[in-house]
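The structure file query03.csv is reproduced below (CSV, C-alpha atoms).
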```
chain,number,residue,atom,x,y,z
D,23,MET,CA,43.4,4.2,67.6
D,24,GLN,CA,44.5,7.6,68.7
D,25,ASN,CA,47.8,8.7,67.2
D,26,LYS,CA,49.7,10.4,70.0
D,27,ASN,CA,52.2,13.0,69.1
D,28,SER,CA,55.7,12.5,70.3
D,29,ASP,CA,57.2,14.9,72.8
D,30,ILE,CA,59.4,16.3,70.1
D,31,GLU,CA,56.5,17.0,67.8
D,32,ILE,CA,54.7,18.9,70.7
D,33,ILE,CA,57.9,20.9,71.4
D,34,ASP,CA,58.1,21.8,67.8
D,35,ALA,CA,54.5,22.9,67.8
D,36,VAL,CA,55.1,25.1,71.0
D,37,LEU,CA,58.2,26.6,69.4
D,38,ALA,CA,56.2,27.4,66.3
D,39,GLY,CA,54.0,29.5,68.5
D,40,ASN,CA,51.2,27.1,69.5
D,41,GLN,CA,51.2,27.8,73.3
D,42,SER,CA,48.3,25.5,74.1
D,43,ALA,CA,50.2,22.5,72.8
D,44,TYR,CA,52.3,22.8,75.9
D,45,ALA,CA,49.3,21.6,78.0
D,46,GLU,CA,49.7,18.1,76.6
D,47,LEU,CA,53.4,18.0,77.7
D,48,VAL,CA,52.3,19.1,81.2
D,49,LYS,CA,49.6,16.4,81.4
D,50,ARG,CA,52.0,13.7,80.3
D,51,ASN,CA,54.7,14.6,82.8
D,52,GLN,CA,52.9,16.1,85.7
D,53,ARG,CA,52.7,13.0,87.9
D,54,TYR,CA,56.4,12.3,87.6
D,55,VAL,CA,57.3,15.9,88.2
D,56,PHE,CA,55.0,16.2,91.1
D,57,THR,CA,56.2,13.0,92.7
D,58,LEU,CA,59.8,14.0,92.4
D,59,ALA,CA,59.0,17.4,93.9
D,60,LEU,CA,57.1,15.8,96.7
D,61,ARG,CA,60.1,13.6,97.6
D,62,PHE,CA,62.0,16.9,98.4
D,63,THR,CA,59.3,19.1,99.8
D,64,ARG,CA,57.3,16.5,101.8
D,65,SER,CA,54.3,18.8,101.5
D,66,ARG,CA,51.7,18.6,98.7
D,67,GLU,CA,51.3,22.4,98.6
D,68,ASP,CA,55.0,23.1,98.2
D,69,ALA,CA,55.4,20.2,95.8
D,70,GLU,CA,52.7,21.7,93.6
D,71,GLU,CA,54.5,25.0,93.7
D,72,VAL,CA,57.8,23.4,92.8
D,73,ALA,CA,56.2,21.3,90.0
D,74,GLN,CA,54.4,24.4,88.6
D,75,ASP,CA,57.7,26.4,88.7
D,76,THR,CA,59.4,23.5,86.9
D,77,PHE,CA,56.9,23.5,84.0
D,78,VAL,CA,57.1,27.3,83.7
D,79,LYS,CA,60.9,27.2,83.7
D,80,ALA,CA,60.9,24.4,81.1
D,81,TYR,CA,58.5,26.5,78.9
D,82,ARG,CA,60.8,29.5,79.1
D,83,SER,CA,63.8,27.4,78.2
D,84,LEU,CA,62.2,25.2,75.7
D,85,SER,CA,64.2,26.7,72.8
D,86,SER,CA,67.4,25.7,74.6
D,87,TYR,CA,66.5,22.0,74.8
D,88,GLN,CA,69.2,20.4,72.7
D,89,ARG,CA,67.3,17.1,72.0
D,90,THR,CA,70.5,15.1,72.6
D,91,ALA,CA,68.8,13.7,75.7
D,92,LYS,CA,65.2,12.5,76.3
D,93,PHE,CA,62.8,15.3,77.1
D,94,SER,CA,61.9,13.6,80.4
D,95,THR,CA,65.6,13.6,81.4
D,96,TRP,CA,65.9,17.3,80.6
D,97,LEU,CA,62.7,18.0,82.5
D,98,TYR,CA,63.7,16.0,85.6
D,99,THR,CA,67.0,18.0,85.6
D,100,ILE,CA,64.9,21.1,86.0
D,101,VAL,CA,62.7,19.5,88.8
D,102,TYR,CA,65.9,18.4,90.6
D,103,ASN,CA,67.4,21.9,90.4
D,104,THR,CA,64.2,23.6,91.4
D,105,SER,CA,63.7,21.3,94.3
D,106,MET,CA,67.3,21.8,95.5
D,107,THR,CA,66.8,25.6,95.3
D,108,TYR,CA,63.6,25.1,97.3
D,109,LEU,CA,65.5,23.1,99.9
D,110,ARG,CA,68.2,25.7,100.1
D,111,LYS,CA,65.6,28.3,100.7
D,112,LYS,CA,64.1,26.2,103.4
D,113,ARG,CA,67.5,25.6,104.9
D,114,LEU,CA,67.2,21.9,105.1
D,115,ASP,CA,70.3,19.9,105.1
D,116,VAL,CA,70.4,17.4,102.3
D,117,SER,CA,74.2,17.3,101.9
D,118,SER,CA,74.7,14.3,104.2
D,119,ILE,CA,73.3,11.6,101.9
D,120,ASP,CA,76.5,9.6,102.0
D,121,ASP,CA,76.7,9.7,105.7
D,122,GLU,CA,75.9,6.3,107.0
D,123,GLY,CA,75.2,7.6,110.4
D,124,THR,CA,72.5,10.0,109.3
D,125,ALA,CA,69.6,9.9,111.5
D,126,ILE,CA,66.4,9.6,109.5
D,127,GLN,CA,63.4,11.3,110.9
D,128,LEU,CA,60.7,8.8,111.2
D,129,GLU,CA,57.1,9.1,112.1
D,130,SER,CA,55.8,6.4,114.3
D,131,TYR,CA,54.2,3.7,112.4
D,132,GLY,CA,53.9,1.2,115.2
D,133,LEU,CA,51.6,-1.7,115.2
D,134,ALA,CA,49.5,0.2,117.7
D,135,ASP,CA,48.0,2.2,114.8
D,136,ASP,CA,44.3,2.1,114.5
D,137,LEU,CA,44.6,0.2,111.3
D,138,SER,CA,46.4,-3.1,111.6
D,139,VAL,CA,49.1,-4.3,109.3
D,140,GLU,CA,46.7,-6.8,107.8
D,141,ARG,CA,44.2,-4.2,106.8
D,142,LYS,CA,46.8,-2.0,105.2
D,143,SER,CA,48.1,-3.0,101.8
D,144,ARG,CA,51.7,-3.9,101.1
D,145,SER,CA,51.8,-1.0,98.7
D,146,PHE,CA,50.8,1.4,101.4
D,147,TYR,CA,53.8,0.5,103.5
D,148,VAL,CA,56.2,0.6,100.6
D,149,ASN,CA,55.0,4.1,99.7
D,150,LYS,CA,55.3,5.2,103.4
D,151,ALA,CA,58.8,3.8,103.5
D,152,ILE,CA,59.9,5.7,100.4
D,153,GLU,CA,58.5,8.9,101.9
D,154,ASN,CA,60.8,8.4,104.9
D,155,LEU,CA,63.9,8.1,102.8
D,156,LEU,CA,66.3,11.0,102.3
D,157,PRO,CA,65.3,13.1,99.2
D,158,ASP,CA,68.2,11.9,97.1
D,159,ASP,CA,67.6,8.2,97.9
D,160,ALA,CA,63.9,8.5,97.0
D,161,THR,CA,64.7,10.5,93.9
D,162,ILE,CA,67.1,7.9,92.6
D,163,ILE,CA,64.7,5.1,93.2
D,164,ASN,CA,61.8,7.1,91.6
D,165,LEU,CA,63.9,8.0,88.5
D,166,PHE,CA,65.2,4.5,88.0
D,167,TYR,CA,62.0,2.6,88.5
D,168,LEU,CA,59.2,5.0,87.8
D,169,GLY,CA,60.9,7.5,85.5
D,170,GLU,CA,62.6,4.7,83.6
D,171,GLN,CA,65.9,6.7,83.5
D,172,SER,CA,69.2,4.9,83.0
D,173,LEU,CA,72.1,5.4,85.4
D,174,GLU,CA,73.7,7.7,82.9
D,175,GLU,CA,70.5,9.8,82.6
D,176,ILE,CA,70.2,9.9,86.4
D,177,SER,CA,73.8,11.0,86.7
D,178,GLN,CA,73.0,13.8,84.2
D,179,ILE,CA,69.9,14.9,86.1
D,180,MET,CA,71.6,14.9,89.5
D,181,GLY,CA,75.0,16.1,88.3
D,182,MET,CA,76.9,13.1,89.6
D,183,GLU,CA,79.1,10.3,88.1
D,184,ALA,CA,77.2,7.3,86.9
D,185,ASN,CA,79.2,5.0,89.2
D,186,THR,CA,78.2,7.2,92.2
D,187,ILE,CA,74.6,6.9,91.2
D,188,LYS,CA,74.9,3.1,91.0
D,189,VAL,CA,76.3,2.9,94.5
D,190,LYS,CA,73.7,5.3,95.7
D,191,LEU,CA,71.0,3.2,94.1
D,192,HIS,CA,72.2,0.1,95.9
D,193,ARG,CA,72.3,2.0,99.2
D,194,ALA,CA,68.9,3.5,98.6
D,195,ARG,CA,67.3,0.1,98.1
D,196,GLN,CA,69.0,-1.1,101.3
D,197,ARG,CA,67.7,1.9,103.2
D,198,LEU,CA,64.2,1.3,101.8
D,199,LYS,CA,64.4,-2.3,103.1
D,200,ASN,CA,65.5,-0.9,106.5
D,201,GLN,CA,62.6,1.6,106.5
D,202,LEU,CA,60.2,-1.2,105.9
D,203,GLU,CA,61.7,-3.2,108.8
D,204,ILE,CA,61.3,-0.1,111.0
D,205,ILE,CA,57.8,0.6,110.0
D,206,LEU,CA,56.6,-3.0,110.2
D,207,GLY,CA,58.8,-4.3,112.9
D,208,GLY,CA,58.9,-8.0,113.0
D,209,GLU,CA,56.2,-8.4,110.4
D,210,VAL,CA,58.5,-7.2,107.7
D,211,LYS,CA,59.8,-10.8,107.4
D,212,ASP,CA,56.4,-11.7,106.0
D,213,LEU,CA,56.5,-9.0,103.5
D,214,ILE,CA,60.0,-9.2,102.1
W,24,MET,CA,77.8,-3.1,100.3
W,25,ASN,CA,79.3,-6.4,99.6
W,26,THR,CA,80.3,-7.6,96.1
W,27,VAL,CA,77.8,-10.5,96.2
W,28,GLU,CA,74.9,-8.2,96.7
W,29,GLU,CA,76.2,-5.7,94.1
W,30,GLY,CA,76.7,-8.5,91.6
W,31,ILE,CA,73.2,-9.8,92.1
W,32,TRP,CA,71.7,-6.3,91.9
W,33,ASP,CA,73.5,-5.7,88.6
W,34,TYR,CA,72.1,-9.1,87.5
W,35,ILE,CA,68.6,-8.1,88.4
W,36,ASP,CA,68.9,-4.6,86.9
W,37,GLY,CA,70.4,-6.0,83.7
W,38,LEU,CA,73.5,-4.0,84.1
W,39,SER,CA,76.0,-6.8,84.1
W,40,SER,CA,77.8,-8.1,81.0
W,41,LEU,CA,76.8,-11.4,79.3
W,42,GLU,CA,79.7,-13.2,80.9
W,43,GLU,CA,78.9,-11.8,84.4
W,44,GLN,CA,75.2,-12.7,83.8
W,45,GLU,CA,76.2,-16.3,83.0
W,46,ALA,CA,78.5,-16.5,86.1
W,47,ILE,CA,75.9,-15.1,88.4
W,48,SER,CA,73.1,-17.3,87.2
W,49,GLN,CA,75.4,-20.3,87.7
W,50,LEU,CA,76.1,-19.2,91.3
W,51,ILE,CA,72.4,-18.6,92.0
W,52,ALA,CA,71.7,-22.1,90.7
W,53,ASN,CA,74.4,-23.8,92.7
W,54,ASP,CA,75.4,-21.7,95.7
W,55,PRO,CA,72.8,-21.5,98.6
W,56,VAL,CA,74.3,-18.1,99.8
W,57,TYR,CA,73.7,-16.6,96.4
W,58,GLN,CA,70.3,-18.3,96.2
W,59,ASP,CA,69.1,-16.8,99.5
W,60,LYS,CA,70.5,-13.3,98.6
W,61,TYR,CA,68.9,-13.5,95.2
W,62,GLN,CA,65.5,-14.3,96.7
W,63,GLU,CA,65.9,-11.5,99.2
W,64,LEU,CA,66.8,-8.9,96.6
W,65,LEU,CA,64.1,-10.0,94.3
W,66,ALA,CA,61.6,-9.5,97.1
W,67,ILE,CA,62.9,-5.9,97.6
W,68,GLN,CA,62.7,-5.4,93.8
W,69,LYS,CA,59.1,-6.6,93.8
W,70,ASP,CA,58.3,-4.2,96.7
W,71,ILE,CA,59.9,-1.2,94.9
W,72,GLN,CA,57.7,-1.9,92.0
W,73,LEU,CA,54.7,-1.2,94.2
W,74,ILE,CA,55.8,2.5,94.6
W,75,GLU,CA,53.1,4.7,93.1
W,76,LEU,CA,53.2,8.1,91.5
W,77,ASP,CA,51.5,10.8,93.4
W,78,GLU,CA,48.7,12.8,91.7
W,79,PRO,CA,48.8,16.6,91.8
W,80,SER,CA,45.5,18.6,92.1
W,81,MET,CA,42.9,18.3,89.4
W,82,SER,CA,43.5,21.9,88.3
W,83,PHE,CA,47.3,21.5,88.1
W,84,THR,CA,47.5,21.7,84.2
W,85,ASN,CA,45.2,24.7,84.2
W,86,LYS,CA,47.3,26.5,86.9
W,87,VAL,CA,50.5,25.8,84.9
W,88,MET,CA,48.9,27.1,81.7
W,89,ASP,CA,47.7,30.2,83.4
W,90,LYS,CA,51.2,30.9,84.5
W,91,VAL,CA,52.6,30.1,81.1
W,92,ALA,CA,50.2,32.5,79.4
W,93,PHE,CA,52.1,35.4,81.1
W,94,GLN,CA,55.4,34.2,79.7
W,95,ILE,CA,57.1,35.3,76.5
W,96,LYS,CA,56.6,32.6,73.9
W,97,PRO,CA,59.7,30.6,73.4
W,98,LEU,CA,60.8,30.6,69.8
W,99,SER,CA,63.1,28.2,68.1
W,100,ALA,CA,66.7,29.5,67.4
W,101,LYS,CA,65.9,29.4,63.7
W,102,ALA,CA,63.0,31.7,64.1
W,103,MET,CA,64.8,34.0,66.5
W,104,VAL,CA,67.8,34.7,64.3
W,105,ASP,CA,67.0,36.4,61.0
W,106,LYS,CA,68.8,34.6,58.2
W,107,ARG,CA,69.5,37.9,56.4
W,108,ILE,CA,71.7,38.9,59.4
W,109,ILE,CA,73.7,35.7,59.2
W,110,TYR,CA,74.1,36.1,55.4
W,111,GLY,CA,75.1,39.8,55.9
W,112,ILE,CA,77.8,38.9,58.4
W,113,SER,CA,79.1,36.1,56.2
W,114,ALA,CA,79.3,38.4,53.2
W,115,VAL,CA,81.3,41.0,55.2
W,116,PHE,CA,83.8,38.4,56.4
W,117,GLY,CA,83.9,36.8,52.9
W,118,VAL,CA,84.7,40.1,51.2
W,119,LEU,CA,87.4,40.9,53.8
W,120,LEU,CA,89.0,37.5,53.3
W,121,LEU,CA,89.0,38.0,49.5
W,122,VAL,CA,90.6,41.4,49.8
W,123,CYS,CA,93.3,40.1,52.0
W,124,LEU,CA,94.0,37.1,49.8
W,125,THR,CA,94.1,39.3,46.6
W,126,ILE,CA,96.7,41.6,48.2
W,127,VAL,CA,98.8,38.7,49.4
W,128,PHE,CA,98.7,36.8,46.1
W,129,LYS,CA,99.6,40.1,44.2
W,130,GLY,CA,102.7,40.3,46.4
W,131,ILE,CA,103.9,36.8,45.5
W,132,ASP,CA,107.0,36.7,43.3
W,133,TRP,CA,105.7,34.2,40.8
W,134,SER,CA,109.1,34.0,39.0
W,135,LEU,CA,110.4,32.0,41.9
W,136,SER,CA,107.4,29.7,41.8
W,137,THR,CA,109.5,26.6,40.8
W,138,THR,CA,111.2,26.7,44.2
W,139,LEU,CA,109.2,25.8,47.2
W,140,PRO,CA,108.1,27.1,49.6
W,141,VAL,CA,106.5,30.1,47.9
W,142,LYS,CA,107.8,33.2,49.5
W,143,LEU,CA,105.1,35.5,50.6
W,144,ASN,CA,105.9,39.2,50.7
W,145,LEU,CA,103.9,40.3,53.7
W,146,ASP,CA,105.6,43.6,53.8
W,147,GLN,CA,104.2,44.5,50.5
W,148,PHE,CA,100.8,43.4,51.8
W,149,THR,CA,101.0,45.7,54.7
W,150,SER,CA,102.6,48.5,52.7
W,151,GLN,CA,99.8,48.5,50.2
W,152,ILE,CA,97.4,49.2,52.9
W,153,ASN,CA,98.1,52.8,53.6
W,154,LEU,CA,97.7,52.8,57.4
W,155,SER,CA,99.7,53.9,60.4
W,156,SER,CA,101.5,51.2,62.4
W,157,ALA,CA,99.0,51.7,65.2
W,158,SER,CA,96.1,51.0,62.8
W,159,LYS,CA,98.0,48.0,61.4
W,160,ASN,CA,98.5,46.6,64.9
W,161,PHE,CA,94.9,47.2,65.6
W,162,ILE,CA,93.8,45.3,62.6
W,163,LEU,CA,96.3,42.5,63.3
W,164,TYR,CA,95.1,42.1,66.9
W,165,GLY,CA,91.6,42.4,65.8
W,166,PHE,CA,92.0,39.4,63.5
W,167,LEU,CA,93.9,37.5,66.2
W,168,MET,CA,91.1,38.2,68.7
W,169,PHE,CA,88.5,37.1,66.2
W,170,ASP,CA,90.4,33.8,65.6
W,171,THR,CA,90.8,33.2,69.3
W,172,ILE,CA,87.1,33.8,70.0
W,173,ALA,CA,86.1,31.5,67.1
W,174,ALA,CA,88.5,28.8,68.4
W,175,LEU,CA,87.1,29.1,71.9
W,176,MET,CA,83.6,28.9,70.6
W,177,LEU,CA,84.4,25.7,68.6
W,178,MET,CA,86.1,24.2,71.6
W,179,ASP,CA,83.2,25.0,73.8
W,180,LYS,CA,80.8,23.4,71.4
W,181,TYR,CA,83.0,20.3,71.1
W,182,LEU,CA,83.3,19.9,74.9
W,183,ARG,CA,79.6,20.4,75.4
W,184,LYS,CA,78.8,17.7,72.9
W,185,ARG,CA,81.3,15.4,74.6
W,186,LEU,CA,79.9,16.0,78.1
W,187,ALA,CA,76.3,15.6,76.8
```
Can you give me the file's structure in the form of structure tokens?
Amino acid sequence: MQNKNSDIEIIDAVLAGNQSAYAELVKRNQRYVFTLALRFTRSREDAEEVAQDTFVKAYRSLSSYQRTAKFSTWLYTIVYNTSMTYLRKKRLDVSSIDDEGTAIQLESYGLADDLSVERKSRSFYVNKAIENLLPDDATIINLFYLGEQSLEEISQIMGMEANTIKVKLHRARQRLKNQLEIILGGEVKDLI
Amino acid sequence: MNTVEEGIWDYIDGLSSLEEQEAISQLIANDPVYQDKYQELLAIQKDIQLIELDEPSMSFTNKVMDKVAFQIKPLSAKAMVDKRIIYGISAVFGVLLLVCLTIVFKGIDWSLSTTLPVKLNLDQFTSQINLSSASKNFILYGFLMFDTIAALMLMDKYLRKRLA
């Protein structure tokens, strides 16, 4: 059985001067980092750029990683900040997350699509629905379910109170359900 | 967001206390409203678990490592700060402290040592150092400044730990 080094062991190796050890950290976390970046950028090219910047920034600041939090939490904080900087540059408005009346831009996923609902998997529609959520909603869901971060850790990443994150998580799930209803119309009842 | 839904979500997420868990499970078992809501939220939970991670390009790691190669290697704080510098600074402050304490203790009138508090003759301390009043003030303010900075640094460290 292969004995995998812990993140801390790899970080120690990198800090001791073994630059190539960093590739292992990148491989382990690249899917999470890329997915989070994609929730903000909505473009694979831009997400790759944000994700690469994240890893370069993390490398440069590795000596300042305090080890009081999980490495993934620290890394996701960098992704979040890098993505926010990206959005500011792109002048997209992400400040109205709490606004219930926010209009969410939706592509048309009507039943008139070439592929019928039956032919597309349930997973396909759920992933489409999360793509349509506001970046913060999608990020919270991703961090909680895929990134296995606690509410406290998410609050640290996003710089908000844990209670605020809890409320946002509830709302994000509700919005995801609404998205599925919009995408699938009446057929959502069969799915959820 | 109603409290029924919030309570059930906390129950599903495992965020509620033992007593709350017990209460919610009772409600789910007995109350049809709770039962329906629980099934609905459970279905959403099941759907969320279908969310997949996206894959970056095949060459992603190589691209990152190419960029990293141009960066200055990060070194641990231990490696960055030469221990001899730390020891040198400590020695200077240690010697200064010893000199000050020696002068102060030399000025104590030990004949009055039975009565407390011990009276410290700080005038003698300052007079033994043959400096102008401006220099004395400078030294005094220097020490005060050092103490203030040290206190602020300690407070900063403490607050950072608390916030973390």
### Message
Just want the 10 Å neighbourhood of Gly39 (chain D), counted on all atoms listed in the file, with same-chain residues fewer than 3 positions away dropped. Output as an MDAnalysis selection string.
### Response
(chainID D and resid 33:36 42:43) or (chainID W and resid 96:99)
Return as CSV the residues of chain D lying at most 9 Å from chain W, together with the closest atom-to-atom pair for each and the distance in Å to one decimal, counting all atoms listed in the file, with rows in chain order and ascending residue number.
```
residue,atom,partner,partner_atom,distance
D:Asp34,CA,W:Ser99,CA,8.1
D:Val36,CA,W:Pro97,CA,7.6
D:Leu37,CA,W:Leu98,CA,4.8
D:Ala38,CA,W:Leu98,CA,6.6
D:Gly39,CA,W:Lys96,CA,6.7
D:Asn40,CA,W:Lys96,CA,8.9
D:Gln41,CA,W:Lys96,CA,7.2
D:Ser42,CA,W:Met88,CA,7.8
D:Tyr44,CA,W:Met88,CA,8.0
D:Ala45,CA,W:Thr84,CA,6.5
D:Glu46,CA,W:Thr84,CA,8.7
D:Val48,CA,W:Thr84,CA,6.2
D:Lys49,CA,W:Thr84,CA,6.4
D:Gln52,CA,W:Pro79,CA,7.4
D:Arg53,CA,W:Glu78,CA,5.5
D:Tyr54,CA,W:Leu76,CA,6.6
D:Phe56,CA,W:Pro79,CA,6.3
D:Thr57,CA,W:Asp77,CA,5.2
D:Leu58,CA,W:Leu76,CA,8.9
D:Leu60,CA,W:Asp77,CA,8.2
D:Arg66,CA,W:Pro79,CA,7.7
D:Ala69,CA,W:Pro79,CA,8.5
D:Glu70,CA,W:Pro79,CA,6.7
D:Ala73,CA,W:Val87,CA,8.9
D:Gln74,CA,W:Val87,CA,5.6
D:Asp75,CA,W:Val87,CA,8.2
D:Phe77,CA,W:Val87,CA,6.9
D:Val78,CA,W:Val91,CA,5.9
D:Tyr81,CA,W:Pro97,CA,7.0
D:Arg82,CA,W:Pro97,CA,5.9
D:Ser83,CA,W:Pro97,CA,7.1
D:Leu84,CA,W:Pro97,CA,6.4
D:Ser85,CA,W:Ser99,CA,5.1
D:Ser86,CA,W:Ala100,CA,8.2
D:Thr90,CA,W:Ala187,CA,7.2
D:Ala91,CA,W:Ala187,CA,7.8
D:Arg144,CA,W:Asp70,CA,7.9
D:Ser145,CA,W:Leu73,CA,5.4
D:Phe146,CA,W:Ile74,CA,8.5
D:Val148,CA,W:Ile74,CA,6.3
D:Asn149,CA,W:Ile74,CA,5.4
D:Ile152,CA,W:Ile74,CA,7.8
D:Ile163,CA,W:Ile71,CA,8.1
D:Asn164,CA,W:Ile74,CA,8.1
D:Tyr167,CA,W:Gln72,CA,7.1
D:Leu168,CA,W:Leu76,CA,7.7
D:Gln178,CA,W:Ala187,CA,8.3
D:Val189,CA,W:Met24,CA,8.5
D:His192,CA,W:Glu29,CA,7.3
D:Arg193,CA,W:Met24,CA,7.6
D:Arg195,CA,W:Ile67,CA,7.5
D:Gln196,CA,W:Ile67,CA,8.6
D:Leu198,CA,W:Ile67,CA,8.4
D:Lys199,CA,W:Ile67,CA,6.7
D:Leu213,CA,W:Ala66,CA,8.2
D:Ile214,CA,W:Ala66,CA,5.3
```
### Task
Record the distance separating CA of Tyr61 (chain W) and CA of Ala160 (chain D), expressed in Å with one decimal.
22.6 Å
### Task
Quick one: pull the distance between CA of Met178 (chain W) and CA of Ile100 (chain D), Å, one decimal.
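A separation of 25.8 Å between them.
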### Task
Would you work out the distance separating CA of Thr76 (chain D) from CA of Val101 (chain D), expressed in Å to one decimal?
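According to the coordinates, CA of Thr76 (chain D) and CA of Val101 (chain D) are separated by 5.5 Å.
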### Task
Would you please work out which residue, of D:Leu97, D:Asp68, D:Leu47, D:Ile30, is nearest to Gly169 (chain D) when using only C-alpha atoms?
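Counting only C-alpha atoms, the residue closest to Gly169 (chain D) is D:Leu97.
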### Selection near Glu174 (chain D), 9 Å with all atoms listed in the file, sequence-local residues under 2 positions removed, as number ranges by chain
D: 171-172, 176-179, 183-185, 187
### Task
Show me as a VMD selection string the residues that reach within 12 Å of (66.1, 25.4, 91.8), counting only C-alpha atoms and using the file's own coordinates.
chain D and resid 59 62 71 to 73 75 to 76 79 to 80 98 to 112
